[in-house]
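Below you'll find the structure, written out as structure tokens, and then a few comments.
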Amino acid sequence: MRSLQDSLAGAPTMPLKTGRAPGERRAAPLVFLILLWLSLAVAVIFLITLIVNIVLEGGSRFGLPLFTEYPSSSPDRAGARPAILGSMWVIGTTAVLTIPLGVAAAVHLEEFADRKHWFNRVIELNVQNLAAVPSIVYGLLALAFLTLVGVRDKNIVIGGALALSLLILPVIIIATREAIRAVPAEIRDGSLALGATKWQTTWRQVLPASVPGIATGSILALSRALGEAAPLLLLGALVFVSFDPNGLLSGFTTLPIQIFNWTGRPQEGFHELAAAASLLLLGLLLVMNGLAIFIRNRYQKRW
Amino acid sequence: MATAHDDAPMHLQAARNGSVADHVARPIMRVENVDVYYGDFRAVTDVNLAFGLNEITALIGPSGCGKSTLLRSLNRMNDLIEGARVEGEILFHGENIYGKGVDPIEVRRRIGMVFQKPNPFPKSIYDNIAYGPRVTGMKVESMDDLVEESLTRAALWDEVKDKLKQSAIGLSGGQQQRLCIARAISVRPDVILMDEPCASLDPIATMRIEDLMQELRKQYTIVIVTHNMQQAARVADRTAFFTAQVSEGSGARTGVLVEYGTTTQIFEDPTDQRTEDYISGRFG
């Protein structure tokens, strides 16, 4: 040991620099950091203002009557019961229509379609683009479709669900494709090397492994649909519903439309109701997004 | 089963090149004049080999010499890569696995594979083993027995018998790889292909896999690709040395089989200068 140290004694040394770096090297990152914080602050401040505003205005109306009462010409007797039920009916129907279709489309595109074929490339490009189309266009599309098949009264649960399904189908397809793509090739190889067919591999390995991703994407897409009003308004969604929707062909209203309606009324009481309903809608969205995040974290990367 | 293919067309082989491949006593698989292409790119050319029943054959050579490509062609796993194509014949029990009407699914069931990186399914240990028999529709009297038998043969049973329902992802790398071997033998293949099975394992786990291979060769035929020459020398009965040939015009690298013989002969008395250079560590 000593002899080694002795032999190293004459080696040149190069101490690390200490102390502060020159000023100009620190200024730019600092400015940039402050800008980033400012951007974040702007976003957060707006959100907080909005929420505080809604809570202050609608807090007093956020109670049992909001859930149990039907709309009324008097704000004191009005509630959002049909809108809440209507939202549940429409979103439920949308989920049933969209998730199987979206997942199937994604599985086909990702696992079975020949990616080089022009037809599949056109579809792929279209799915990407459709996700960015304004929601009202889907309302128009649903309207045209319902007219074409001869539906006279278009404000029905299935009609609304159709419009919202068109809206979120591309989102679900894209989310599912990403989830499928995240399944390592080794898992597929391992299954195929045992003599499993492509179909068995997809059904028993790839899909189960992508369920968390599919669930997360679907919930986020449905929460987007839950907040939509435009395509439903186009279908002539009723703004004053005093009955519970009870089937696919039933007339309906939804929370965003009810909020839209109440906001347009002159009485202050209705504005408070709108705020209370917004609070409920926000709460629902928060729960859904929270669930999506929970699922994502719970099942993250098991391989 | 063992002798069904002994009457394979030997005269054709001999006429072609009279290679060492003919001296394999009981070949279960024969590779005859095989070229493997990816699109227009020829990855491997003109390979003639035979794999003896209950023998371990090692494929060695520098990176990019096409040994893994060839291995993946042996059970049609290469079919899954777009543009991959095999010319020549790969005979399994005398039948060309690329022949008309041959089902690649059946080929893969009979010729199993273990990969470089352990790839257990994100399922329980039990389900990892039961998966193969289930999907291939094997008639199994007792799945529990089959799972135990497979894990025992892969020298893993004692370590996992109390946690069969736990996820396989929790096992160590070496255990995962033995699980993958157990999984491969659960569908009762004749041949097991191993693509650098110890590449991601520590020396002790590697040793256990090598011991296991010696056990397995009593019932199975094993073809192993390895980067590790010592491993080939330790485990293999026969060794095939590949190298990459660079074409003068395009600079494309094509894998060629340089020499094939018993492991002793390859390591102690190589006939080709390139083999000797590689074995003695002069390149690669």
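Note on naming: chains are A, B, ... as they come in the structure tokens, residues start from 1 per chain, ligands start from 1 in the order shown.
For chain A, the residues within 9 Å of chain B are Glu186, Ile187, Asp189, Gly190, Ser191, Leu192, Ala193, Leu194, Gly195, Ala196, Thr197, Gln200, Thr201, Gln205, Ala209, Arg302 and Trp303 of chain A, with only C-alpha atoms used to measure distance.
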Write out as a compact mmCIF listing (two decimals) with N, CA, C and O atoms, in the first residue's frame each polymer residue whose atoms come within 12 Å of stretch 114-119 of chain A, counting only C-alpha atoms; drop sequence neighbours fewer than 6 positions from it.
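Saved result, result.txt, follows:
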# COMPACT_ATOMS: atom_id res chain seq x y z
N HIS A 108 -57.09 -4.76 -34.49
CA HIS A 108 -56.90 -5.06 -35.91
C HIS A 108 -55.73 -4.26 -36.49
O HIS A 108 -54.83 -4.81 -37.12
N LEU A 125 -54.08 7.28 -40.78
CA LEU A 125 -54.00 8.73 -40.87
C LEU A 125 -55.32 9.37 -40.46
O LEU A 125 -55.37 10.37 -39.74
N ASN A 126 -56.42 8.76 -40.92
CA ASN A 126 -57.73 9.29 -40.63
C ASN A 126 -58.05 9.23 -39.14
O ASN A 126 -58.61 10.17 -38.58
N GLU B 82 -41.36 -9.36 -40.90
CA GLU B 82 -41.81 -9.03 -42.24
C GLU B 82 -40.68 -9.16 -43.25
O GLU B 82 -39.57 -8.69 -43.01
N GLY B 83 -40.94 -9.81 -44.35
CA GLY B 83 -39.96 -9.92 -45.42
C GLY B 83 -38.97 -11.06 -45.23
O GLY B 83 -38.13 -11.30 -46.10
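Neighbours of B:Asn96 closer than or equal to 12 Å, with only C-alpha atoms counted and sequence neighbours fewer than 2 positions away skipped, come out as His5, Ala8, Ile28, Met29, Arg30, Val31, Glu32, Val34, Leu74, Asn75, Arg76, Val86, Glu87, Gly88, Glu89, Ile90, Leu91, Phe92, His93, Gly94, Tyr98, Gly99, Lys100, Gly101, Val102, Asp103, Pro104 and Val107 of chain B.
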Take the residues from that selection and put them in a file with N, CA, C and O atoms, as an mmCIF file, in the first residue's frame.
data_model
loop_
_atom_site.group_PDB
_atom_site.id
_atom_site.type_symbol
_atom_site.label_atom_id
_atom_site.label_comp_id
_atom_site.auth_asym_id
_atom_site.auth_seq_id
_atom_site.Cartn_x
_atom_site.Cartn_y
_atom_site.Cartn_z
ATOM 1 N N HIS B 5 -35.989 -40.939 -39.478
ATOM 2 C CA HIS B 5 -35.396 -40.055 -40.471
ATOM 3 C C HIS B 5 -34.028 -40.531 -40.933
ATOM 4 O O HIS B 5 -33.342 -39.852 -41.664
ATOM 5 N N ALA B 8 -33.132 -40.518 -44.540
ATOM 6 C CA ALA B 8 -33.180 -39.253 -45.273
ATOM 7 C C ALA B 8 -32.206 -39.353 -46.456
ATOM 8 O O ALA B 8 -31.281 -40.147 -46.427
ATOM 9 N N ILE B 28 -31.945 -35.488 -36.023
ATOM 10 C CA ILE B 28 -33.388 -35.256 -35.888
ATOM 11 C C ILE B 28 -33.783 -34.091 -36.780
ATOM 12 O O ILE B 28 -34.890 -34.008 -37.270
ATOM 13 N N MET B 29 -32.818 -33.205 -37.030
ATOM 14 C CA MET B 29 -33.070 -32.073 -37.933
ATOM 15 C C MET B 29 -31.897 -31.953 -38.900
ATOM 16 O O MET B 29 -30.748 -32.172 -38.529
ATOM 17 N N ARG B 30 -32.242 -31.564 -40.134
ATOM 18 C CA ARG B 30 -31.193 -31.312 -41.123
ATOM 19 C C ARG B 30 -31.454 -29.959 -41.772
ATOM 20 O O ARG B 30 -32.583 -29.638 -42.119
ATOM 21 N N VAL B 31 -30.391 -29.224 -41.909
ATOM 22 C CA VAL B 31 -30.474 -27.926 -42.581
ATOM 23 C C VAL B 31 -29.770 -28.107 -43.909
ATOM 24 O O VAL B 31 -28.592 -28.452 -43.936
ATOM 25 N N GLU B 32 -30.490 -27.951 -45.015
ATOM 26 C CA GLU B 32 -29.884 -28.273 -46.309
ATOM 27 C C GLU B 32 -29.889 -27.072 -47.250
ATOM 28 O O GLU B 32 -30.940 -26.584 -47.646
ATOM 29 N N VAL B 34 -29.398 -23.917 -46.903
ATOM 30 C CA VAL B 34 -30.333 -22.873 -46.486
ATOM 31 C C VAL B 34 -29.740 -21.475 -46.636
ATOM 32 O O VAL B 34 -28.606 -21.215 -46.241
ATOM 33 N N LEU B 74 -35.251 -22.142 -37.582
ATOM 34 C CA LEU B 74 -35.410 -23.567 -37.318
ATOM 35 C C LEU B 74 -36.786 -23.921 -36.770
ATOM 36 O O LEU B 74 -37.180 -25.086 -36.795
ATOM 37 N N ASN B 75 -37.501 -22.931 -36.192
ATOM 38 C CA ASN B 75 -38.872 -23.233 -35.784
ATOM 39 C C ASN B 75 -39.862 -22.199 -36.353
ATOM 40 O O ASN B 75 -40.926 -21.984 -35.819
ATOM 41 N N ARG B 76 -39.445 -21.597 -37.437
ATOM 42 C CA ARG B 76 -40.295 -20.665 -38.176
ATOM 43 C C ARG B 76 -40.703 -19.454 -37.343
ATOM 44 O O ARG B 76 -41.750 -18.848 -37.608
ATOM 45 N N VAL B 86 -36.978 -18.061 -46.258
ATOM 46 C CA VAL B 86 -35.967 -19.113 -46.180
ATOM 47 C C VAL B 86 -35.938 -19.874 -47.495
ATOM 48 O O VAL B 86 -36.987 -20.290 -47.996
ATOM 49 N N GLU B 87 -34.748 -20.024 -48.054
ATOM 50 C CA GLU B 87 -34.589 -20.878 -49.226
ATOM 51 C C GLU B 87 -33.792 -22.101 -48.827
ATOM 52 O O GLU B 87 -32.981 -22.048 -47.912
ATOM 53 N N GLY B 88 -34.009 -23.200 -49.524
ATOM 54 C CA GLY B 88 -33.399 -24.459 -49.125
ATOM 55 C C GLY B 88 -34.390 -25.220 -48.256
ATOM 56 O O GLY B 88 -35.557 -24.846 -48.163
ATOM 57 N N GLU B 89 -33.899 -26.266 -47.619
ATOM 58 C CA GLU B 89 -34.815 -27.098 -46.845
ATOM 59 C C GLU B 89 -34.345 -27.260 -45.418
ATOM 60 O O GLU B 89 -33.146 -27.403 -45.153
ATOM 61 N N ILE B 90 -35.295 -27.204 -44.495
ATOM 62 C CA ILE B 90 -34.986 -27.552 -43.115
ATOM 63 C C ILE B 90 -35.864 -28.748 -42.784
ATOM 64 O O ILE B 90 -37.089 -28.634 -42.719
ATOM 65 N N LEU B 91 -35.208 -29.907 -42.640
ATOM 66 C CA LEU B 91 -35.953 -31.153 -42.453
ATOM 67 C C LEU B 91 -36.028 -31.499 -40.978
ATOM 68 O O LEU B 91 -35.012 -31.489 -40.275
ATOM 69 N N PHE B 92 -37.242 -31.778 -40.545
ATOM 70 C CA PHE B 92 -37.474 -32.188 -39.162
ATOM 71 C C PHE B 92 -38.141 -33.556 -39.230
ATOM 72 O O PHE B 92 -39.211 -33.677 -39.836
ATOM 73 N N HIS B 93 -37.500 -34.563 -38.690
ATOM 74 C CA HIS B 93 -37.963 -35.937 -38.891
ATOM 75 C C HIS B 93 -38.164 -36.213 -40.385
ATOM 76 O O HIS B 93 -39.125 -36.866 -40.775
ATOM 77 N N GLY B 94 -37.287 -35.650 -41.187
ATOM 78 C CA GLY B 94 -37.334 -35.915 -42.616
ATOM 79 C C GLY B 94 -38.322 -35.073 -43.389
ATOM 80 O O GLY B 94 -38.381 -35.153 -44.616
ATOM 81 N N TYR B 98 -40.693 -26.025 -44.012
ATOM 82 C CA TYR B 98 -41.188 -24.933 -44.865
ATOM 83 C C TYR B 98 -41.993 -25.488 -46.042
ATOM 84 O O TYR B 98 -42.327 -24.759 -46.960
ATOM 85 N N GLY B 99 -42.285 -26.779 -45.989
ATOM 86 C CA GLY B 99 -43.017 -27.408 -47.078
ATOM 87 C C GLY B 99 -44.458 -26.941 -47.144
ATOM 88 O O GLY B 99 -44.987 -26.342 -46.202
ATOM 89 N N LYS B 100 -45.061 -27.230 -48.282
ATOM 90 C CA LYS B 100 -46.469 -26.843 -48.467
ATOM 91 C C LYS B 100 -47.353 -27.548 -47.448
ATOM 92 O O LYS B 100 -47.190 -28.731 -47.197
ATOM 93 N N GLY B 101 -48.288 -26.813 -46.890
ATOM 94 C CA GLY B 101 -49.252 -27.435 -45.992
ATOM 95 C C GLY B 101 -48.739 -27.660 -44.577
ATOM 96 O O GLY B 101 -49.472 -28.131 -43.731
ATOM 97 N N VAL B 102 -47.460 -27.312 -44.324
ATOM 98 C CA VAL B 102 -46.955 -27.465 -42.961
ATOM 99 C C VAL B 102 -47.393 -26.249 -42.133
ATOM 100 O O VAL B 102 -47.223 -25.109 -42.552
ATOM 101 N N ASP B 103 -47.971 -26.531 -40.982
ATOM 102 C CA ASP B 103 -48.499 -25.466 -40.134
ATOM 103 C C ASP B 103 -47.388 -24.956 -39.215
ATOM 104 O O ASP B 103 -46.850 -25.710 -38.406
ATOM 105 N N PRO B 104 -47.013 -23.675 -39.341
ATOM 106 C CA PRO B 104 -45.935 -23.153 -38.489
ATOM 107 C C PRO B 104 -46.261 -23.290 -37.005
ATOM 108 O O PRO B 104 -45.351 -23.415 -36.175
ATOM 109 N N VAL B 107 -45.118 -26.617 -36.039
ATOM 110 C CA VAL B 107 -43.646 -26.633 -36.026
ATOM 111 C C VAL B 107 -43.129 -26.058 -34.714
ATOM 112 O O VAL B 107 -42.257 -26.621 -34.061
#
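Computed from the coordinates, the atom CA of A:Leu97 to atom CA of A:Pro231 distance equals 16.8 Å.
Within 10 Å of stretch 146-153 of chain A, once only C-alpha atoms are used and residues closer than 2 positions along the same chain are dropped, the contacting residues are Leu140, Leu141, Ala142, Leu143, Ala144, Asn155, Ile156, Gly159, Leu162, Leu235, Gly236, Leu249, Ser250 and Gly251 of chain A.
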Go through stretch 7-132 of chain B and collect every residue that DSSP, computed from the backbone, puts in alpha helix (DSSP H); the answer should be as a list of chain:residue names. B:Met10, B:His11, B:Leu12, B:Gln13, B:Ala14, B:Ala15, B:Arg16, B:Lys67, B:Ser68, B:Thr69, B:Leu70, B:Leu71, B:Arg72, B:Ser73, B:Pro104, B:Ile105, B:Glu106, B:Val107, B:Arg108, B:Arg109, B:Arg110, B:Ile125, B:Tyr126, B:Asp127, B:Asn128, B:Ile129, B:Ala130, B:Tyr131, B:Gly132
Would you write out those residues with C-alpha atoms, as a PDB file, in the first residue's frame?
ATOM      1  CA  MET B  10     -28.051 -39.075 -47.669  1.00  0.00           C
ATOM      2  CA  HIS B  11     -26.799 -39.533 -51.191  1.00  0.00           C
ATOM      3  CA  LEU B  12     -27.954 -36.035 -52.081  1.00  0.00           C
ATOM      4  CA  GLN B  13     -25.991 -34.619 -49.177  1.00  0.00           C
ATOM      5  CA  ALA B  14     -22.880 -36.488 -49.955  1.00  0.00           C
ATOM      6  CA  ALA B  15     -23.056 -35.443 -53.558  1.00  0.00           C
ATOM      7  CA  ARG B  16     -23.316 -31.826 -52.525  1.00  0.00           C
ATOM      8  CA  LYS B  67     -26.471 -17.551 -36.038  1.00  0.00           C
ATOM      9  CA  SER B  68     -29.548 -16.172 -34.293  1.00  0.00           C
ATOM     10  CA  THR B  69     -31.226 -15.664 -37.648  1.00  0.00           C
ATOM     11  CA  LEU B  70     -30.597 -19.279 -38.500  1.00  0.00           C
ATOM     12  CA  LEU B  71     -31.863 -20.399 -35.095  1.00  0.00           C
ATOM     13  CA  ARG B  72     -35.101 -18.481 -35.535  1.00  0.00           C
ATOM     14  CA  SER B  73     -35.540 -20.133 -38.921  1.00  0.00           C
ATOM     15  CA  PRO B 104     -45.935 -23.153 -38.489  1.00  0.00           C
ATOM     16  CA  ILE B 105     -47.940 -23.394 -35.263  1.00  0.00           C
ATOM     17  CA  GLU B 106     -47.325 -27.146 -35.161  1.00  0.00           C
ATOM     18  CA  VAL B 107     -43.646 -26.633 -36.026  1.00  0.00           C
ATOM     19  CA  ARG B 108     -43.240 -24.263 -33.087  1.00  0.00           C
ATOM     20  CA  ARG B 109     -44.962 -26.649 -30.724  1.00  0.00           C
ATOM     21  CA  ARG B 110     -42.591 -29.472 -31.690  1.00  0.00           C
ATOM     22  CA  ILE B 125     -45.847 -19.350 -12.132  1.00  0.00           C
ATOM     23  CA  TYR B 126     -48.472 -22.062 -12.533  1.00  0.00           C
ATOM     24  CA  ASP B 127     -50.208 -20.297 -15.415  1.00  0.00           C
ATOM     25  CA  ASN B 128     -46.908 -19.696 -17.162  1.00  0.00           C
ATOM     26  CA  ILE B 129     -46.422 -23.456 -17.410  1.00  0.00           C
ATOM     27  CA  ALA B 130     -50.071 -24.339 -18.048  1.00  0.00           C
ATOM     28  CA  TYR B 131     -50.386 -21.781 -20.845  1.00  0.00           C
ATOM     29  CA  GLY B 132     -48.700 -23.847 -23.565  1.00  0.00           C
TER      30      GLY B 132
END
